[in-house]
Amino acid sequence: MTDDAVPAGQAGLLARIHAAAFPPVHRWDAQTMAALLAMPGVFVLFAQGEGIPPAAGFIMARALLDEAEILTFAVDPAWQGQGIGRALLARCLDEAAREGAVHLFLEVADDNVAALGLYHAAGFAVVGVRRRYYPDGTDACVMKREI
């Protein structure tokens, strides 16, 4: 785990950031966040930088053996468009590599144009589709990047 590791007691903060960034059908509650934090290999990185509060965003990922997966990634809408997402993604790639991962995977809604643009710009490629993956029936693009 990194210095940014989040105690399970802070799952509420993660849920609040997530709720600000996602529509109700896609939000994860504090109980879900706590369960994810308890899983082996999970790490959380918060937004950082001059004048940027940690609550501006976070990325949660899991690294096991030579693979890592982004579990969720949220930037508060009030802070979007300021490079926070790009910075979090870059730090996640670095942390996954430190943990021994050589591949980083994620799923993203196929209608999330902003996220798809961010991931493509960071070198991710679509390697599959999960039909009706999300609760609202939206498909997910499975994306991968070599680290």
# chains A, B, ... in the order shown; residues from 1 in each chain; ligands from 1
>>> select_by_dssp(residues="stretch 87-122 of chain A", states="alpha helix (DSSP H)", output="JSON, numbers by chain")
{"A": [87, 88, 89, 90, 91, 92, 93, 94, 95, 96, 97, 98, 113, 114, 115, 116, 117, 118, 119, 120, 121]}
>>> write_last_selection(atoms="N, CA, C and O atoms", output="short mmCIF file (atom, residue, chain, number, x, y, z; two decimals), in the first residue's frame")
data_model
loop_
_atom_site.label_atom_id
_atom_site.label_comp_id
_atom_site.auth_asym_id
_atom_site.auth_seq_id
_atom_site.Cartn_x
_atom_site.Cartn_y
_atom_site.Cartn_z
N ALA A 87 -3.50 13.39 -13.72
CA ALA A 87 -2.47 13.20 -12.68
C ALA A 87 -2.74 11.94 -11.86
O ALA A 87 -1.80 11.19 -11.56
N LEU A 88 -4.00 11.71 -11.50
CA LEU A 88 -4.33 10.51 -10.73
C LEU A 88 -4.02 9.25 -11.54
O LEU A 88 -3.48 8.28 -11.01
N LEU A 89 -4.37 9.27 -12.81
CA LEU A 89 -4.12 8.11 -13.66
C LEU A 89 -2.62 7.84 -13.79
O LEU A 89 -2.17 6.69 -13.70
N ALA A 90 -1.82 8.88 -13.96
CA ALA A 90 -0.36 8.71 -14.05
C ALA A 90 0.20 8.14 -12.75
O ALA A 90 1.05 7.24 -12.77
N ARG A 91 -0.28 8.64 -11.62
CA ARG A 91 0.18 8.11 -10.32
C ARG A 91 -0.25 6.67 -10.13
O ARG A 91 0.49 5.85 -9.57
N CYS A 92 -1.43 6.32 -10.61
CA CYS A 92 -1.91 4.94 -10.52
C CYS A 92 -1.02 4.01 -11.33
O CYS A 92 -0.66 2.91 -10.87
N LEU A 93 -0.66 4.43 -12.52
CA LEU A 93 0.25 3.63 -13.35
C LEU A 93 1.58 3.41 -12.62
O LEU A 93 2.12 2.30 -12.61
N ASP A 94 2.11 4.46 -12.01
CA ASP A 94 3.37 4.36 -11.27
C ASP A 94 3.24 3.39 -10.09
O ASP A 94 4.11 2.55 -9.86
N GLU A 95 2.14 3.53 -9.34
CA GLU A 95 1.95 2.67 -8.17
C GLU A 95 1.75 1.22 -8.59
O GLU A 95 2.30 0.31 -7.97
N ALA A 96 0.99 0.98 -9.64
CA ALA A 96 0.78 -0.39 -10.12
C ALA A 96 2.11 -1.01 -10.53
O ALA A 96 2.38 -2.18 -10.23
N ALA A 97 2.96 -0.23 -11.18
CA ALA A 97 4.29 -0.73 -11.57
C ALA A 97 5.12 -1.06 -10.33
O ALA A 97 5.79 -2.10 -10.28
N ARG A 98 5.07 -0.19 -9.32
CA ARG A 98 5.80 -0.46 -8.07
C ARG A 98 5.33 -1.76 -7.42
O ARG A 98 6.10 -2.46 -6.78
N VAL A 113 -17.75 9.71 -22.81
CA VAL A 113 -16.82 10.27 -23.80
C VAL A 113 -15.58 10.88 -23.15
O VAL A 113 -14.46 10.66 -23.61
N ALA A 114 -15.77 11.62 -22.05
CA ALA A 114 -14.62 12.26 -21.40
C ALA A 114 -13.64 11.21 -20.88
O ALA A 114 -12.42 11.33 -21.08
N ALA A 115 -14.15 10.19 -20.21
CA ALA A 115 -13.27 9.15 -19.66
C ALA A 115 -12.57 8.38 -20.78
O ALA A 115 -11.37 8.10 -20.70
N LEU A 116 -13.31 8.04 -21.83
CA LEU A 116 -12.70 7.34 -22.95
C LEU A 116 -11.57 8.16 -23.56
O LEU A 116 -10.50 7.62 -23.89
N GLY A 117 -11.77 9.47 -23.68
CA GLY A 117 -10.72 10.33 -24.21
C GLY A 117 -9.50 10.34 -23.32
O GLY A 117 -8.36 10.28 -23.81
N LEU A 118 -9.72 10.42 -22.01
CA LEU A 118 -8.61 10.40 -21.05
C LEU A 118 -7.82 9.10 -21.18
O LEU A 118 -6.59 9.11 -21.26
N TYR A 119 -8.53 7.98 -21.21
CA TYR A 119 -7.85 6.69 -21.27
C TYR A 119 -7.12 6.48 -22.60
O TYR A 119 -5.99 6.00 -22.61
N HIS A 120 -7.74 6.86 -23.69
CA HIS A 120 -7.05 6.73 -24.98
C HIS A 120 -5.79 7.60 -25.00
O HIS A 120 -4.72 7.16 -25.46
N ALA A 121 -5.89 8.83 -24.49
CA ALA A 121 -4.73 9.73 -24.45
C ALA A 121 -3.61 9.17 -23.57
O ALA A 121 -2.44 9.46 -23.81
#
>>> residues_around(residues="A:Phe22", least_positions_apart="3", cutoff="10 Å", atoms="only C-alpha atoms", output="ChimeraX atom specification")
/A:17-19,25-28,74-77
>>> select_by_dssp(residues="stretch 37-97 of chain A", states="strand (DSSP E)", output="compact mmCIF listing (two decimals) with all heavy atoms, in the first residue's frame")
# COMPACT_ATOMS: atom_id res chain seq x y z
N VAL A 42 -5.53 -3.72 -2.77
CA VAL A 42 -6.23 -2.49 -3.12
C VAL A 42 -5.46 -1.28 -2.61
O VAL A 42 -4.95 -1.28 -1.49
CB VAL A 42 -7.66 -2.48 -2.56
CG1 VAL A 42 -8.32 -1.11 -2.70
CG2 VAL A 42 -8.49 -3.54 -3.27
N PHE A 43 -5.37 -0.25 -3.45
CA PHE A 43 -4.78 1.02 -3.03
C PHE A 43 -5.63 2.17 -3.55
O PHE A 43 -6.34 2.03 -4.55
CB PHE A 43 -3.32 1.15 -3.47
CG PHE A 43 -3.08 1.12 -4.95
CD1 PHE A 43 -3.07 2.29 -5.70
CD2 PHE A 43 -2.84 -0.08 -5.60
CE1 PHE A 43 -2.82 2.27 -7.06
CE2 PHE A 43 -2.59 -0.12 -6.97
CZ PHE A 43 -2.59 1.07 -7.71
N VAL A 44 -5.58 3.27 -2.83
CA VAL A 44 -6.33 4.48 -3.19
C VAL A 44 -5.35 5.64 -3.23
O VAL A 44 -4.52 5.80 -2.34
CB VAL A 44 -7.45 4.79 -2.17
CG1 VAL A 44 -8.13 6.11 -2.49
CG2 VAL A 44 -8.45 3.66 -2.12
N LEU A 45 -5.46 6.44 -4.27
CA LEU A 45 -4.68 7.66 -4.39
C LEU A 45 -5.65 8.83 -4.47
O LEU A 45 -6.62 8.78 -5.24
CB LEU A 45 -3.82 7.62 -5.66
CG LEU A 45 -2.88 6.42 -5.78
CD1 LEU A 45 -2.28 6.35 -7.18
CD2 LEU A 45 -1.80 6.47 -4.73
N PHE A 46 -5.41 9.86 -3.67
CA PHE A 46 -6.25 11.05 -3.67
C PHE A 46 -5.62 12.14 -4.52
O PHE A 46 -4.41 12.18 -4.72
CB PHE A 46 -6.42 11.58 -2.24
CG PHE A 46 -7.39 10.79 -1.42
CD1 PHE A 46 -6.95 9.83 -0.54
CD2 PHE A 46 -8.75 11.00 -1.54
CE1 PHE A 46 -7.84 9.09 0.22
CE2 PHE A 46 -9.66 10.27 -0.79
CZ PHE A 46 -9.20 9.32 0.09
N GLY A 57 -10.84 14.36 -5.71
CA GLY A 57 -10.92 13.14 -6.50
C GLY A 57 -10.04 12.04 -5.96
O GLY A 57 -9.19 12.27 -5.10
N PHE A 58 -10.27 10.85 -6.46
CA PHE A 58 -9.46 9.69 -6.07
C PHE A 58 -9.51 8.65 -7.18
O PHE A 58 -10.38 8.67 -8.05
CB PHE A 58 -9.95 9.08 -4.75
CG PHE A 58 -11.24 8.31 -4.87
CD1 PHE A 58 -11.24 6.95 -5.15
CD2 PHE A 58 -12.46 8.95 -4.73
CE1 PHE A 58 -12.43 6.25 -5.28
CE2 PHE A 58 -13.65 8.26 -4.86
CZ PHE A 58 -13.64 6.90 -5.14
N ILE A 59 -8.57 7.73 -7.10
CA ILE A 59 -8.57 6.55 -7.95
C ILE A 59 -8.32 5.35 -7.05
O ILE A 59 -7.46 5.41 -6.16
CB ILE A 59 -7.53 6.67 -9.10
CG1 ILE A 59 -7.72 5.59 -10.14
CG2 ILE A 59 -6.12 6.71 -8.57
CD1 ILE A 59 -6.96 5.85 -11.45
N MET A 60 -9.11 4.31 -7.22
CA MET A 60 -8.95 3.09 -6.44
C MET A 60 -8.61 1.96 -7.41
O MET A 60 -9.29 1.78 -8.42
CB MET A 60 -10.25 2.74 -5.70
CG MET A 60 -10.15 1.47 -4.88
SD MET A 60 -11.75 0.93 -4.17
CE MET A 60 -12.08 2.26 -3.02
N ALA A 61 -7.56 1.25 -7.10
CA ALA A 61 -7.12 0.16 -7.96
C ALA A 61 -6.68 -1.02 -7.12
O ALA A 61 -6.51 -0.91 -5.90
CB ALA A 61 -5.98 0.63 -8.87
N ARG A 62 -6.49 -2.13 -7.79
CA ARG A 62 -6.02 -3.34 -7.12
C ARG A 62 -4.90 -3.94 -7.96
O ARG A 62 -5.03 -4.09 -9.18
CB ARG A 62 -7.16 -4.34 -7.00
CG ARG A 62 -6.73 -5.67 -6.40
CD ARG A 62 -7.88 -6.60 -6.19
NE ARG A 62 -8.60 -6.80 -7.43
CZ ARG A 62 -9.68 -7.56 -7.55
NH1 ARG A 62 -10.16 -8.18 -6.50
NH2 ARG A 62 -10.26 -7.71 -8.71
N ALA A 63 -3.80 -4.26 -7.31
CA ALA A 63 -2.66 -4.90 -7.98
C ALA A 63 -2.46 -6.28 -7.37
O ALA A 63 -2.33 -6.42 -6.16
CB ALA A 63 -1.40 -4.06 -7.81
N LEU A 64 -2.45 -7.28 -8.23
CA LEU A 64 -2.20 -8.65 -7.82
C LEU A 64 -1.31 -9.30 -8.88
O LEU A 64 -1.64 -9.26 -10.07
CB LEU A 64 -3.49 -9.45 -7.68
CG LEU A 64 -4.42 -9.03 -6.55
CD1 LEU A 64 -5.75 -9.76 -6.65
CD2 LEU A 64 -3.78 -9.29 -5.20
N GLU A 67 -0.78 -8.10 -12.74
CA GLU A 67 -1.88 -7.32 -13.29
C GLU A 67 -2.43 -6.35 -12.26
O GLU A 67 -2.39 -6.61 -11.06
CB GLU A 67 -3.02 -8.23 -13.76
CG GLU A 67 -2.66 -9.05 -14.97
CD GLU A 67 -3.84 -9.83 -15.51
OE1 GLU A 67 -4.93 -9.81 -14.91
OE2 GLU A 67 -3.67 -10.46 -16.57
N ALA A 68 -2.97 -5.26 -12.76
CA ALA A 68 -3.67 -4.30 -11.91
C ALA A 68 -4.96 -3.91 -12.62
O ALA A 68 -5.05 -4.01 -13.85
CB ALA A 68 -2.81 -3.07 -11.65
N GLU A 69 -5.93 -3.48 -11.82
CA GLU A 69 -7.22 -3.07 -12.37
C GLU A 69 -7.69 -1.82 -11.64
O GLU A 69 -7.62 -1.75 -10.41
CB GLU A 69 -8.25 -4.18 -12.16
CG GLU A 69 -9.63 -3.80 -12.60
CD GLU A 69 -10.69 -4.85 -12.26
OE1 GLU A 69 -10.41 -5.75 -11.45
OE2 GLU A 69 -11.79 -4.73 -12.81
N ILE A 70 -8.15 -0.85 -12.39
CA ILE A 70 -8.78 0.32 -11.79
C ILE A 70 -10.19 -0.10 -11.41
O ILE A 70 -10.97 -0.52 -12.28
CB ILE A 70 -8.79 1.52 -12.75
CG1 ILE A 70 -7.35 1.98 -13.01
CG2 ILE A 70 -9.63 2.66 -12.17
CD1 ILE A 70 -7.22 3.07 -14.05
N LEU A 71 -10.50 -0.02 -10.13
CA LEU A 71 -11.81 -0.41 -9.64
C LEU A 71 -12.82 0.71 -9.78
O LEU A 71 -13.96 0.50 -10.16
CB LEU A 71 -11.73 -0.87 -8.18
CG LEU A 71 -10.78 -2.04 -7.93
CD1 LEU A 71 -10.63 -2.29 -6.44
CD2 LEU A 71 -11.29 -3.29 -8.64
N THR A 72 -12.39 1.92 -9.45
CA THR A 72 -13.21 3.10 -9.65
C THR A 72 -12.32 4.33 -9.63
O THR A 72 -11.21 4.30 -9.10
CB THR A 72 -14.37 3.22 -8.62
OG1 THR A 72 -15.28 4.23 -9.05
CG2 THR A 72 -13.87 3.49 -7.22
N PHE A 73 -12.85 5.40 -10.20
CA PHE A 73 -12.05 6.61 -10.44
C PHE A 73 -13.05 7.75 -10.47
O PHE A 73 -13.97 7.74 -11.28
CB PHE A 73 -11.36 6.42 -11.78
CG PHE A 73 -10.40 7.47 -12.26
CD1 PHE A 73 -10.02 8.54 -11.48
CD2 PHE A 73 -9.87 7.36 -13.52
CE1 PHE A 73 -9.13 9.48 -11.96
CE2 PHE A 73 -8.97 8.28 -14.02
CZ PHE A 73 -8.60 9.35 -13.22
N ALA A 74 -12.89 8.72 -9.59
CA ALA A 74 -13.87 9.81 -9.51
C ALA A 74 -13.19 11.15 -9.26
O ALA A 74 -12.33 11.26 -8.39
CB ALA A 74 -14.86 9.54 -8.39
N VAL A 75 -13.59 12.14 -10.04
CA VAL A 75 -13.16 13.52 -9.82
C VAL A 75 -14.43 14.34 -9.64
O VAL A 75 -15.34 14.28 -10.49
CB VAL A 75 -12.30 14.07 -10.97
CG1 VAL A 75 -11.97 15.54 -10.75
CG2 VAL A 75 -11.02 13.24 -11.13
>>> atom_distance(atom1="atom CA of A:Phe124", atom2="atom CA of A:Glu107")
11.0 Å
>>> residues_around(residues="stretch 128-145 of chain A", least_positions_apart="3", cutoff="6 Å", atoms="only C-alpha atoms", output="PDB file with C-alpha atoms, in the first residue's frame")
ATOM      1  CA  HIS A 103      -0.753  -4.636 -17.356  1.00  0.00           C
ATOM      2  CA  LEU A 104      -3.445  -2.220 -16.155  1.00  0.00           C
ATOM      3  CA  PHE A 105      -7.100  -2.947 -16.960  1.00  0.00           C
ATOM      4  CA  LEU A 106     -10.332  -1.030 -16.467  1.00  0.00           C
ATOM      5  CA  GLU A 107     -13.956  -0.952 -17.532  1.00  0.00           C
ATOM      6  CA  VAL A 108     -15.589   2.283 -18.641  1.00  0.00           C
ATOM      7  CA  ALA A 109     -19.101   3.011 -19.865  1.00  0.00           C
ATOM      8  CA  ASP A 110     -19.111   3.143 -23.637  1.00  0.00           C
ATOM      9  CA  PHE A 124      -5.153   2.503 -23.171  1.00  0.00           C
ATOM     10  CA  ALA A 125      -6.767   0.449 -25.926  1.00  0.00           C
TER      11      ALA A 125
END
>>> closest_residue(among="A:Ala20, A:Ile52, A:Leu13, A:Ala47", to="A:Met33", atoms="only C-alpha atoms")
A:Leu13
>>> atom_distance(atom1="atom CA of A:Gly100", atom2="atom CA of A:Met39")
17.2 Å
>>> closest_residue(among="A:Ala35, A:Gly49, A:Glu99, A:Gly123", to="A:Gly83", atoms="only C-alpha atoms")
A:Gly49
>>> closest_residue(among="A:Pro23, A:Gly41, A:Asp111, A:Ala56", to="A:Gly81", atoms="only C-alpha atoms")
A:Ala56
>>> decode(residues="stretch 48-60 of chain A", atoms="N, CA, C and O atoms", output="mmCIF file, in the first residue's frame")
data_model
loop_
_atom_site.group_PDB
_atom_site.id
_atom_site.type_symbol
_atom_site.label_atom_id
_atom_site.label_comp_id
_atom_site.auth_asym_id
_atom_site.auth_seq_id
_atom_site.Cartn_x
_atom_site.Cartn_y
_atom_site.Cartn_z
ATOM 1 N N GLN A 48 -4.018 15.564 -5.416
ATOM 2 C CA GLN A 48 -3.028 16.338 -4.668
ATOM 3 C C GLN A 48 -2.501 17.454 -5.541
ATOM 4 O O GLN A 48 -2.668 17.441 -6.748
ATOM 5 N N GLY A 49 -1.891 18.411 -4.894
ATOM 6 C CA GLY A 49 -1.331 19.551 -5.609
ATOM 7 C C GLY A 49 -1.668 20.834 -4.886
ATOM 8 O O GLY A 49 -2.541 20.864 -4.008
ATOM 9 N N GLU A 50 -0.991 21.883 -5.280
ATOM 10 C CA GLU A 50 -1.194 23.189 -4.663
ATOM 11 C C GLU A 50 -2.653 23.615 -4.788
ATOM 12 O O GLU A 50 -3.192 23.732 -5.884
ATOM 13 N N GLY A 51 -3.302 23.822 -3.644
ATOM 14 C CA GLY A 51 -4.676 24.293 -3.615
ATOM 15 C C GLY A 51 -5.724 23.253 -3.974
ATOM 16 O O GLY A 51 -6.902 23.576 -4.096
ATOM 17 N N ILE A 52 -5.319 22.001 -4.162
ATOM 18 C CA ILE A 52 -6.256 20.938 -4.520
ATOM 19 C C ILE A 52 -6.508 20.074 -3.290
ATOM 20 O O ILE A 52 -5.590 19.427 -2.790
ATOM 21 N N PRO A 53 -7.746 20.039 -2.796
ATOM 22 C CA PRO A 53 -8.028 19.203 -1.629
ATOM 23 C C PRO A 53 -8.099 17.731 -2.019
ATOM 24 O O PRO A 53 -8.486 17.405 -3.157
ATOM 25 N N PRO A 54 -7.744 16.823 -1.109
ATOM 26 C CA PRO A 54 -7.860 15.388 -1.410
ATOM 27 C C PRO A 54 -9.268 15.002 -1.866
ATOM 28 O O PRO A 54 -9.431 14.114 -2.701
ATOM 29 N N ALA A 55 -10.291 15.684 -1.350
ATOM 30 C CA ALA A 55 -11.670 15.362 -1.704
ATOM 31 C C ALA A 55 -12.023 15.765 -3.137
ATOM 32 O O ALA A 55 -13.138 15.515 -3.594
ATOM 33 N N ALA A 56 -11.089 16.355 -3.874
ATOM 34 C CA ALA A 56 -11.353 16.709 -5.272
ATOM 35 C C ALA A 56 -11.443 15.464 -6.144
ATOM 36 O O ALA A 56 -12.062 15.501 -7.212
ATOM 37 N N GLY A 57 -10.839 14.357 -5.709
ATOM 38 C CA GLY A 57 -10.923 13.144 -6.502
ATOM 39 C C GLY A 57 -10.041 12.039 -5.958
ATOM 40 O O GLY A 57 -9.194 12.271 -5.096
ATOM 41 N N PHE A 58 -10.273 10.846 -6.462
ATOM 42 C CA PHE A 58 -9.461 9.694 -6.072
ATOM 43 C C PHE A 58 -9.511 8.650 -7.175
ATOM 44 O O PHE A 58 -10.385 8.668 -8.049
ATOM 45 N N ILE A 59 -8.570 7.729 -7.101
ATOM 46 C CA ILE A 59 -8.574 6.549 -7.954
ATOM 47 C C ILE A 59 -8.317 5.353 -7.052
ATOM 48 O O ILE A 59 -7.460 5.410 -6.163
ATOM 49 N N MET A 60 -9.105 4.313 -7.218
ATOM 50 C CA MET A 60 -8.953 3.085 -6.440
ATOM 51 C C MET A 60 -8.612 1.963 -7.409
ATOM 52 O O MET A 60 -9.292 1.776 -8.419
#
